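The next block is coords.pdb, given as PDB, C-alpha atoms (C1' of nucleotides).
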ATOM      1  CA  MET D  80      -0.171  -2.641   9.870  1.00  0.00           C
ATOM      2  CA  ILE D  81       3.316  -1.397  10.695  1.00  0.00           C
ATOM      3  CA  GLY D  82       5.651  -4.324  10.054  1.00  0.00           C
ATOM      4  CA  ASN D  83       8.666  -2.692  11.604  1.00  0.00           C
ATOM      5  CA  ARG D  84       6.900  -2.230  14.902  1.00  0.00           C
ATOM      6  CA  LEU D  85       5.914  -5.896  14.948  1.00  0.00           C
ATOM      7  CA  LYS D  86       9.540  -6.830  14.359  1.00  0.00           C
ATOM      8  CA  ARG D  87      10.843  -4.592  17.132  1.00  0.00           C
ATOM      9  CA  ALA D  88       8.224  -5.806  19.599  1.00  0.00           C
ATOM     10  CA  ARG D  89       9.103  -9.404  18.750  1.00  0.00           C
ATOM     11  CA  LEU D  90      12.823  -8.823  19.239  1.00  0.00           C
ATOM     12  CA  ALA D  91      12.165  -6.956  22.480  1.00  0.00           C
ATOM     13  CA  ALA D  92      10.327 -10.061  23.688  1.00  0.00           C
ATOM     14  CA  GLY D  93      13.222 -12.279  22.655  1.00  0.00           C
ATOM     15  CA  LEU D  94      11.191 -14.447  20.291  1.00  0.00           C
ATOM     16  CA  SER D  95      12.053 -15.927  16.897  1.00  0.00           C
ATOM     17  CA  GLN D  96       9.651 -15.476  13.983  1.00  0.00           C
ATOM     18  CA  THR D  97       8.690 -19.135  14.302  1.00  0.00           C
ATOM     19  CA  LYS D  98       7.963 -18.950  18.023  1.00  0.00           C
ATOM     20  CA  LEU D  99       5.878 -15.815  17.680  1.00  0.00           C
ATOM     21  CA  GLY D 100       3.862 -17.352  14.849  1.00  0.00           C
ATOM     22  CA  LEU D 101       3.259 -20.567  16.775  1.00  0.00           C
ATOM     23  CA  ALA D 102       2.281 -18.674  19.930  1.00  0.00           C
ATOM     24  CA  ALA D 103      -0.235 -16.745  17.837  1.00  0.00           C
ATOM     25  CA  GLY D 104      -1.733 -19.939  16.477  1.00  0.00           C
ATOM     26  CA  ILE D 105      -0.341 -20.095  12.949  1.00  0.00           C
ATOM     27  CA  GLU D 106       0.178 -23.537  11.424  1.00  0.00           C
ATOM     28  CA  PRO D 107       3.708 -24.797  12.161  1.00  0.00           C
ATOM     29  CA  ASP D 108       4.578 -25.280   8.478  1.00  0.00           C
ATOM     30  CA  SER D 109       4.079 -21.627   7.620  1.00  0.00           C
ATOM     31  CA  ALA D 110       4.534 -19.755  10.895  1.00  0.00           C
ATOM     32  CA  GLN D 111       8.019 -18.450  10.123  1.00  0.00           C
ATOM     33  CA  GLN D 112       7.293 -17.443   6.555  1.00  0.00           C
ATOM     34  CA  ARG D 113       4.130 -15.597   7.423  1.00  0.00           C
ATOM     35  CA  VAL D 114       5.679 -13.599  10.250  1.00  0.00           C
ATOM     36  CA  SER D 115       8.521 -12.707   7.902  1.00  0.00           C
ATOM     37  CA  GLN D 116       6.012 -11.513   5.300  1.00  0.00           C
ATOM     38  CA  TYR D 117       4.168  -9.409   7.862  1.00  0.00           C
ATOM     39  CA  GLU D 118       7.312  -7.784   9.210  1.00  0.00           C
ATOM     40  CA  SER D 119       8.570  -6.895   5.748  1.00  0.00           C
ATOM     41  CA  GLY D 120       5.186  -5.623   4.570  1.00  0.00           C
ATOM     42  CA  ARG D 121       4.933  -8.213   1.809  1.00  0.00           C
ATOM     43  CA  SER D 122       1.550  -9.189   3.205  1.00  0.00           C
ATOM     44  CA  ILE D 123      -0.750  -8.037   5.971  1.00  0.00           C
ATOM     45  CA  PRO D 124      -2.412 -10.201   8.625  1.00  0.00           C
ATOM     46  CA  GLN D 125      -6.083 -10.229   9.495  1.00  0.00           C
ATOM     47  CA  PHE D 126      -6.873  -7.967  12.455  1.00  0.00           C
ATOM     48  CA  GLN D 127      -7.728 -11.001  14.561  1.00  0.00           C
ATOM     49  CA  LEU D 128      -4.238 -12.387  14.051  1.00  0.00           C
ATOM     50  CA  ALA D 129      -2.664  -8.998  14.790  1.00  0.00           C
ATOM     51  CA  CYS D 130      -4.560  -9.074  18.098  1.00  0.00           C
ATOM     52  CA  ARG D 131      -3.026 -12.441  18.915  1.00  0.00           C
ATOM     53  CA  PHE D 132       0.419 -11.021  18.184  1.00  0.00           C
ATOM     54  CA  ALA D 133      -0.421  -8.137  20.494  1.00  0.00           C
ATOM     55  CA  ASP D 134      -1.490 -10.508  23.268  1.00  0.00           C
ATOM     56  CA  VAL D 135       1.702 -12.540  22.977  1.00  0.00           C
ATOM     57  CA  LEU D 136       3.886  -9.414  22.940  1.00  0.00           C
ATOM     58  CA  ASN D 137       1.989  -7.594  25.709  1.00  0.00           C
ATOM     59  CA  VAL D 138       1.034  -4.522  23.702  1.00  0.00           C
ATOM     60  CA  PRO D 139      -2.446  -3.124  22.926  1.00  0.00           C
ATOM     61  CA  ASP D 140      -4.519  -4.404  19.978  1.00  0.00           C
ATOM     62  CA  CYS D 141      -3.939  -1.233  18.043  1.00  0.00           C
ATOM     63  CA  TYR D 142      -0.193  -1.045  18.562  1.00  0.00           C
ATOM     64  CA  PHE D 143       0.629  -2.137  14.994  1.00  0.00           C
ATOM     65  CA  TYR D 144      -1.803   0.381  13.494  1.00  0.00           C
ATOM     66  CA  ILE D 145      -0.241   3.658  14.623  1.00  0.00           C
ATOM     67  CA  ARG D 146       1.953   5.513  12.156  1.00  0.00           C
ATOM     68  CA  SER D 147       3.398   8.070  14.583  1.00  0.00           C
ATOM     69  CA  GLU D 148       6.179   6.663  16.709  1.00  0.00           C
ATOM     70  CA  ASP D 149       5.513   9.221  19.436  1.00  0.00           C
ATOM     71  CA  PHE D 150       1.824   8.425  19.660  1.00  0.00           C
ATOM     72  CA  ALA D 151       2.523   4.681  19.627  1.00  0.00           C
ATOM     73  CA  GLU D 152       4.787   5.162  22.630  1.00  0.00           C
ATOM     74  CA  LYS D 153       2.099   7.075  24.486  1.00  0.00           C
ATOM     75  CA  VAL D 154      -0.594   4.510  23.730  1.00  0.00           C
ATOM     76  CA  LEU D 155       1.720   1.758  24.924  1.00  0.00           C
ATOM     77  CA  ASP D 156       2.356   3.645  28.163  1.00  0.00           C
ATOM     78  CA  LEU D 157      -1.385   4.101  28.640  1.00  0.00           C
ATOM     79  CA  TYR D 158      -1.932   0.379  28.069  1.00  0.00           C
ATOM     80  CA  LEU D 159       0.785  -0.713  30.489  1.00  0.00           C
ATOM     81  CA  SER D 160      -0.383   1.729  33.157  1.00  0.00           C
ATOM     82  CA  GLU D 161      -3.755  -0.016  33.164  1.00  0.00           C
ATOM     83  CA  LYS D 162      -2.488  -3.536  33.618  1.00  0.00           C
TER
ATOM     84  CA  MET N 290     -10.993  -3.243  11.851  1.00  0.00           C
ATOM     85  CA  ILE N 291     -14.081  -2.553  13.969  1.00  0.00           C
ATOM     86  CA  GLY N 292     -16.865  -1.732  11.516  1.00  0.00           C
ATOM     87  CA  ASN N 293     -19.297  -0.561  14.155  1.00  0.00           C
ATOM     88  CA  ARG N 294     -16.882   2.060  15.392  1.00  0.00           C
ATOM     89  CA  LEU N 295     -16.421   3.391  11.871  1.00  0.00           C
ATOM     90  CA  LYS N 296     -20.172   3.666  11.540  1.00  0.00           C
ATOM     91  CA  ARG N 297     -20.614   5.500  14.821  1.00  0.00           C
ATOM     92  CA  ALA N 298     -17.765   7.898  14.068  1.00  0.00           C
ATOM     93  CA  ARG N 299     -19.266   8.603  10.645  1.00  0.00           C
ATOM     94  CA  LEU N 300     -22.718   9.283  12.077  1.00  0.00           C
ATOM     95  CA  ALA N 301     -21.211  11.456  14.819  1.00  0.00           C
ATOM     96  CA  ALA N 302     -19.627  13.533  12.045  1.00  0.00           C
ATOM     97  CA  GLY N 303     -22.953  13.785  10.217  1.00  0.00           C
ATOM     98  CA  LEU N 304     -21.721  12.197   6.992  1.00  0.00           C
ATOM     99  CA  SER N 305     -23.388   9.759   4.617  1.00  0.00           C
ATOM    100  CA  GLN N 306     -21.517   6.625   3.520  1.00  0.00           C
ATOM    101  CA  THR N 307     -21.030   8.204   0.107  1.00  0.00           C
ATOM    102  CA  LYS N 308     -19.595  11.454   1.463  1.00  0.00           C
ATOM    103  CA  LEU N 309     -17.214   9.676   3.785  1.00  0.00           C
ATOM    104  CA  GLY N 310     -15.997   7.442   0.964  1.00  0.00           C
ATOM    105  CA  LEU N 311     -15.492  10.359  -1.393  1.00  0.00           C
ATOM    106  CA  ALA N 312     -13.682  12.408   1.259  1.00  0.00           C
ATOM    107  CA  ALA N 313     -11.354   9.453   1.794  1.00  0.00           C
ATOM    108  CA  GLY N 314     -10.589   9.246  -1.920  1.00  0.00           C
ATOM    109  CA  ILE N 315     -12.638   6.236  -3.030  1.00  0.00           C
ATOM    110  CA  GLU N 316     -13.906   6.229  -6.614  1.00  0.00           C
ATOM    111  CA  PRO N 317     -17.381   7.809  -6.803  1.00  0.00           C
ATOM    112  CA  ASP N 318     -18.999   4.740  -8.381  1.00  0.00           C
ATOM    113  CA  SER N 319     -18.155   2.486  -5.458  1.00  0.00           C
ATOM    114  CA  ALA N 320     -17.718   4.825  -2.488  1.00  0.00           C
ATOM    115  CA  GLN N 321     -21.078   4.035  -0.896  1.00  0.00           C
ATOM    116  CA  GLN N 322     -20.897   0.280  -1.402  1.00  0.00           C
ATOM    117  CA  ARG N 323     -17.393  -0.014  -0.017  1.00  0.00           C
ATOM    118  CA  VAL N 324     -18.118   2.006   3.135  1.00  0.00           C
ATOM    119  CA  SER N 325     -21.195  -0.156   3.653  1.00  0.00           C
ATOM    120  CA  GLN N 326     -19.075  -3.294   3.313  1.00  0.00           C
ATOM    121  CA  TYR N 327     -16.522  -1.976   5.803  1.00  0.00           C
ATOM    122  CA  GLU N 328     -19.110  -0.983   8.382  1.00  0.00           C
ATOM    123  CA  SER N 329     -20.853  -4.346   8.200  1.00  0.00           C
ATOM    124  CA  GLY N 330     -17.607  -6.311   8.274  1.00  0.00           C
ATOM    125  CA  ARG N 331     -18.227  -7.890   4.874  1.00  0.00           C
ATOM    126  CA  SER N 332     -14.813  -6.668   3.813  1.00  0.00           C
ATOM    127  CA  ILE N 333     -11.895  -4.861   5.388  1.00  0.00           C
ATOM    128  CA  PRO N 334     -10.079  -1.787   4.043  1.00  0.00           C
ATOM    129  CA  GLN N 335      -6.343  -1.446   3.605  1.00  0.00           C
ATOM    130  CA  PHE N 336      -4.716   0.286   6.577  1.00  0.00           C
ATOM    131  CA  GLN N 337      -3.884   3.294   4.389  1.00  0.00           C
ATOM    132  CA  LEU N 338      -7.572   3.792   3.637  1.00  0.00           C
ATOM    133  CA  ALA N 339      -8.520   3.361   7.294  1.00  0.00           C
ATOM    134  CA  CYS N 340      -6.055   6.178   8.034  1.00  0.00           C
ATOM    135  CA  ARG N 341      -7.843   8.433   5.551  1.00  0.00           C
ATOM    136  CA  PHE N 342     -11.146   7.638   7.255  1.00  0.00           C
ATOM    137  CA  ALA N 343      -9.493   8.553  10.554  1.00  0.00           C
ATOM    138  CA  ASP N 344      -8.244  11.855   9.150  1.00  0.00           C
ATOM    139  CA  VAL N 345     -11.678  12.756   7.827  1.00  0.00           C
ATOM    140  CA  LEU N 346     -13.384  11.811  11.094  1.00  0.00           C
ATOM    141  CA  ASN N 347     -10.776  13.416  13.367  1.00  0.00           C
ATOM    142  CA  VAL N 348      -9.806  10.276  15.262  1.00  0.00           C
ATOM    143  CA  PRO N 349      -6.394   8.600  15.583  1.00  0.00           C
ATOM    144  CA  ASP N 350      -5.108   6.113  12.963  1.00  0.00           C
ATOM    145  CA  CYS N 351      -5.607   3.210  15.300  1.00  0.00           C
ATOM    146  CA  TYR N 352      -9.139   4.092  16.384  1.00  0.00           C
ATOM    147  CA  PHE N 353     -10.757   1.350  14.284  1.00  0.00           C
ATOM    148  CA  TYR N 354      -8.353  -1.296  15.571  1.00  0.00           C
ATOM    149  CA  ILE N 355      -9.223  -1.322  19.276  1.00  0.00           C
ATOM    150  CA  ARG N 356     -11.607  -4.006  20.530  1.00  0.00           C
ATOM    151  CA  SER N 357     -12.182  -2.559  24.004  1.00  0.00           C
ATOM    152  CA  GLU N 358     -14.652   0.293  24.017  1.00  0.00           C
ATOM    153  CA  ASP N 359     -13.133   1.725  27.189  1.00  0.00           C
ATOM    154  CA  PHE N 360      -9.614   1.742  25.809  1.00  0.00           C
ATOM    155  CA  ALA N 361     -10.799   3.251  22.523  1.00  0.00           C
ATOM    156  CA  GLU N 362     -12.343   6.103  24.469  1.00  0.00           C
ATOM    157  CA  LYS N 363      -9.115   6.735  26.355  1.00  0.00           C
ATOM    158  CA  VAL N 364      -6.990   6.649  23.207  1.00  0.00           C
ATOM    159  CA  LEU N 365      -9.380   9.090  21.561  1.00  0.00           C
ATOM    160  CA  ASP N 366      -9.102  11.426  24.564  1.00  0.00           C
ATOM    161  CA  LEU N 367      -5.316  11.194  24.416  1.00  0.00           C
ATOM    162  CA  TYR N 368      -5.406  12.006  20.700  1.00  0.00           C
ATOM    163  CA  LEU N 369      -7.709  15.003  21.086  1.00  0.00           C
ATOM    164  CA  SER N 370      -5.730  16.379  24.047  1.00  0.00           C
ATOM    165  CA  GLU N 371      -2.695  16.611  21.791  1.00  0.00           C
ATOM    166  CA  LYS N 372      -4.318  18.507  18.967  1.00  0.00           C
TER
ATOM    167  C1'  DG W  12      18.260 -22.799  14.201  1.00  0.00           C
ATOM    168  C1'  DG W  13      16.907 -18.298  12.156  1.00  0.00           C
ATOM    169  C1'  DA W  14      15.571 -15.591   8.323  1.00  0.00           C
ATOM    170  C1'  DC W  15      14.330 -14.397   3.431  1.00  0.00           C
ATOM    171  C1'  DT W  16      12.177 -15.094  -1.268  1.00  0.00           C
ATOM    172  C1'  DA W  17       9.510 -17.170  -5.407  1.00  0.00           C
ATOM    173  C1'  DA W  18       5.459 -18.974  -7.412  1.00  0.00           C
ATOM    174  C1'  DG W  19       1.122 -21.153  -7.575  1.00  0.00           C
ATOM    175  C1'  DA W  20      -3.171 -22.267  -4.776  1.00  0.00           C
ATOM    176  C1'  DA W  21      -6.479 -20.410  -1.999  1.00  0.00           C
ATOM    177  C1'  DT W  22      -9.020 -16.540  -0.374  1.00  0.00           C
ATOM    178  C1'  DA W  23     -10.116 -11.897   0.048  1.00  0.00           C
ATOM    179  C1'  DT W  24     -11.590  -7.300  -1.772  1.00  0.00           C
ATOM    180  C1'  DC W  25     -13.561  -4.177  -5.406  1.00  0.00           C
ATOM    181  C1'  DT W  26     -16.653  -3.104  -9.052  1.00  0.00           C
ATOM    182  C1'  DT W  27     -20.930  -3.294 -11.265  1.00  0.00           C
ATOM    183  C1'  DA W  28     -25.623  -3.740 -10.910  1.00  0.00           C
ATOM    184  C1'  DG W  29     -29.958  -4.010  -8.781  1.00  0.00           C
ATOM    185  C1'  DC W  30     -33.241  -3.503  -4.957  1.00  0.00           C
ATOM    186  C1'  DC W  31     -35.691  -1.375  -0.896  1.00  0.00           C
ATOM    187  C1'  DG W  32     -37.554   2.687   2.379  1.00  0.00           C
TER
ATOM    188  C1'  DC R  57     -31.088  10.380  -1.180  1.00  0.00           C
ATOM    189  C1'  DG R  58     -29.331   6.797   1.900  1.00  0.00           C
ATOM    190  C1'  DG R  59     -28.424   2.197   2.595  1.00  0.00           C
ATOM    191  C1'  DC R  60     -27.932  -2.984   1.691  1.00  0.00           C
ATOM    192  C1'  DT R  61     -26.745  -7.220  -1.044  1.00  0.00           C
ATOM    193  C1'  DA R  62     -25.224 -10.488  -5.041  1.00  0.00           C
ATOM    194  C1'  DA R  63     -21.882 -12.090  -8.176  1.00  0.00           C
ATOM    195  C1'  DG R  64     -18.019 -11.911 -11.080  1.00  0.00           C
ATOM    196  C1'  DA R  65     -13.467  -9.464 -11.950  1.00  0.00           C
ATOM    197  C1'  DT R  66      -9.550  -8.336  -9.677  1.00  0.00           C
ATOM    198  C1'  DA R  67      -5.956  -8.334  -6.271  1.00  0.00           C
ATOM    199  C1'  DT R  68      -4.432 -10.169  -2.129  1.00  0.00           C
ATOM    200  C1'  DT R  69      -2.701 -13.659   1.253  1.00  0.00           C
ATOM    201  C1'  DC R  70      -1.182 -18.416   2.384  1.00  0.00           C
ATOM    202  C1'  DT R  71       1.260 -22.552   1.463  1.00  0.00           C
ATOM    203  C1'  DT R  72       4.977 -25.059  -0.336  1.00  0.00           C
ATOM    204  C1'  DA R  73       9.555 -25.264  -1.541  1.00  0.00           C
ATOM    205  C1'  DG R  74      14.109 -23.756  -1.837  1.00  0.00           C
ATOM    206  C1'  DT R  75      18.169 -20.961  -0.459  1.00  0.00           C
ATOM    207  C1'  DC R  76      21.570 -18.568   2.502  1.00  0.00           C
ATOM    208  C1'  DC R  77      24.217 -17.574   6.923  1.00  0.00           C
TER
END
Before we go any further, please render this structure as structure tokens.
Amino acid sequence: MIGNRLKRARLAAGLSQTKLGLAAGIEPDSAQQRVSQYESGRSIPQFQLACRFADVLNVPDCYFYIRSEDFAEKVLDLYLSEK
Amino acid sequence: MIGNRLKRARLAAGLSQTKLGLAAGIEPDSAQQRVSQYESGRSIPQFQLACRFADVLNVPDCYFYIRSEDFAEKVLDLYLSEK
DNA sequence: GGACTAAGAATATCTTAGCCG
DNA sequence: CGGCTAAGATATTCTTAGTCC
């Protein structure tokens, strides 16, 4: 998972780490810390949780699993064009 | 990661679990077992390893991280159209 | 409030080994 | 050969707690 892309998508949505974590269903006591760990690459979420992040941030499931910035942009465009 | 999609992509490429694992750089002694575990969902590979599977199988990085079969097909088409 | 880090508890993967068609 | 599973060793994440701006 690409932590930086999660961070940028979160900021683009105007959410704090805590709010994103809560919206994705993480326990309140550790929501902020876990999102911080994911964004920095210190740890990696389960795919199921990454999908919840994607739902909250309105990007496709796979958006945090694309290394190429160009291709990520194109996949995002494809996703948005279908909604 | 979607184990079934890994399995289908491997079979489409005509590779055994052992050959795929070796081509992706897994140690010979455990290549077969690990690919089996990934395909069945018993365990989940690091993203870096999933990317090596993708390289070997000629699919995009994110191919094993898309729940919708339709969207996976479209992302694959987009990937192949750019190569 | 918002974000980052450390360290131990909890949980996952990886290896080794064995079994079945 | 090709594939599946069990169980312990190993490595990871998750929680708790504290700090800084």
TODO: Name every residue that the PyMOL selection byres ((chain N and resi 304) around 12) selects in this structure, writing the answer as number ranges by chain with chains first and numbers rising.
DONE: N: 295-303, 305-313, 321, 324, 342, 345-346; R: 58
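For the residues N:Ser370, N:Gln326, N:Asn347, N:Gln337, ranking by smallest atom-to-atom distance to chain R using only C-alpha atoms (C1' of nucleotides) places N:Gln326 first.
Against the coordinates shown, the PyMOL selection byres ((chain W and resi 14) around 8) returns D:Ser115, W:DG13, W:DC15.
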TODO: Name all residues at most 12 Å from Glu148 in chain D (count all atoms listed in the file; drop same-chain ones fewer than 6 positions away) and give them as a PyMOL selection string.
DONE: (chain D and resi 81+83-84+142+154-155) or (chain N and resi 350)
Per residue of chain R within 10 Å of chain N, record the nearest atom pair and its distance in Å to one decimal, counting only C-alpha atoms (C1' of nucleotides), with rows in chain order and ascending residue number, as a Markdown table.
| residue | atom | partner | partner_atom | distance |
| --- | --- | --- | --- | --- |
| R:DC57 | C1' | N:Ser305 | CA | 9.7 |
| R:DG58 | C1' | N:Ser305 | CA | 7.2 |
| R:DG59 | C1' | N:Ser325 | CA | 7.7 |
| R:DC60 | C1' | N:Ser325 | CA | 7.6 |
| R:DT61 | C1' | N:Gln322 | CA | 9.5 |
Open item on the list: Could you tell me which residues of chain N sit within 8 Å of chain W when counting all atoms listed in the file, and give me the result as a PyMOL selection string?
Closed with: chain N and resi 319+323+332-333
Save the residues we just selected, C-alpha atoms, as a short mmCIF file (atom, residue, chain, number, x, y, z; two decimals), in the frame of the given file?
data_model
loop_
_atom_site.label_atom_id
_atom_site.label_comp_id
_atom_site.auth_asym_id
_atom_site.auth_seq_id
_atom_site.Cartn_x
_atom_site.Cartn_y
_atom_site.Cartn_z
CA SER N 319 -18.16 2.49 -5.46
CA ARG N 323 -17.39 -0.01 -0.02
CA SER N 332 -14.81 -6.67 3.81
CA ILE N 333 -11.90 -4.86 5.39
#
Please tabulate, as JSON lines, the residues of chain N that come within 7 Å of chain D, each with its closest pair of atoms and the distance in Å to one decimal, counting only C-alpha atoms and ordering rows by chain, then residue number upward.
{"residue": "N:Met290", "atom": "CA", "partner": "D:Phe126", "partner_atom": "CA", "distance": 6.3}
{"residue": "N:Phe336", "atom": "CA", "partner": "D:Met80", "partner_atom": "CA", "distance": 6.3}
{"residue": "N:Asp350", "atom": "CA", "partner": "D:Ile145", "partner_atom": "CA", "distance": 5.7}
{"residue": "N:Cys351", "atom": "CA", "partner": "D:Tyr144", "partner_atom": "CA", "distance": 5.1}
{"residue": "N:Tyr354", "atom": "CA", "partner": "D:Cys141", "partner_atom": "CA", "distance": 5.1}
{"residue": "N:Ile355", "atom": "CA", "partner": "D:Cys141", "partner_atom": "CA", "distance": 5.4}
{"residue": "N:Val364", "atom": "CA", "partner": "D:Val154", "partner_atom": "CA", "distance": 6.8}
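Here CA of Leu128 in chain D and CA of Gly104 in chain D stand 8.3 Å from one another.
Between C1' of DC70 in chain R and CA of Gly120 in chain D lies a distance of 14.5 Å.
The space separating CA of Tyr117 in chain D from C1' of DA73 in chain R comes to 19.2 Å.
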For range 25-29 of chain W, I'd like the enclosing box, axis-aligned and padded by 3 Å on every side, reported as JSON with centre and edge lengths in Å to one decimal.
{"center_x": -21.8, "center_y": -3.6, "center_z": -8.3, "size_x": 22.4, "size_y": 7.1, "size_z": 11.9}
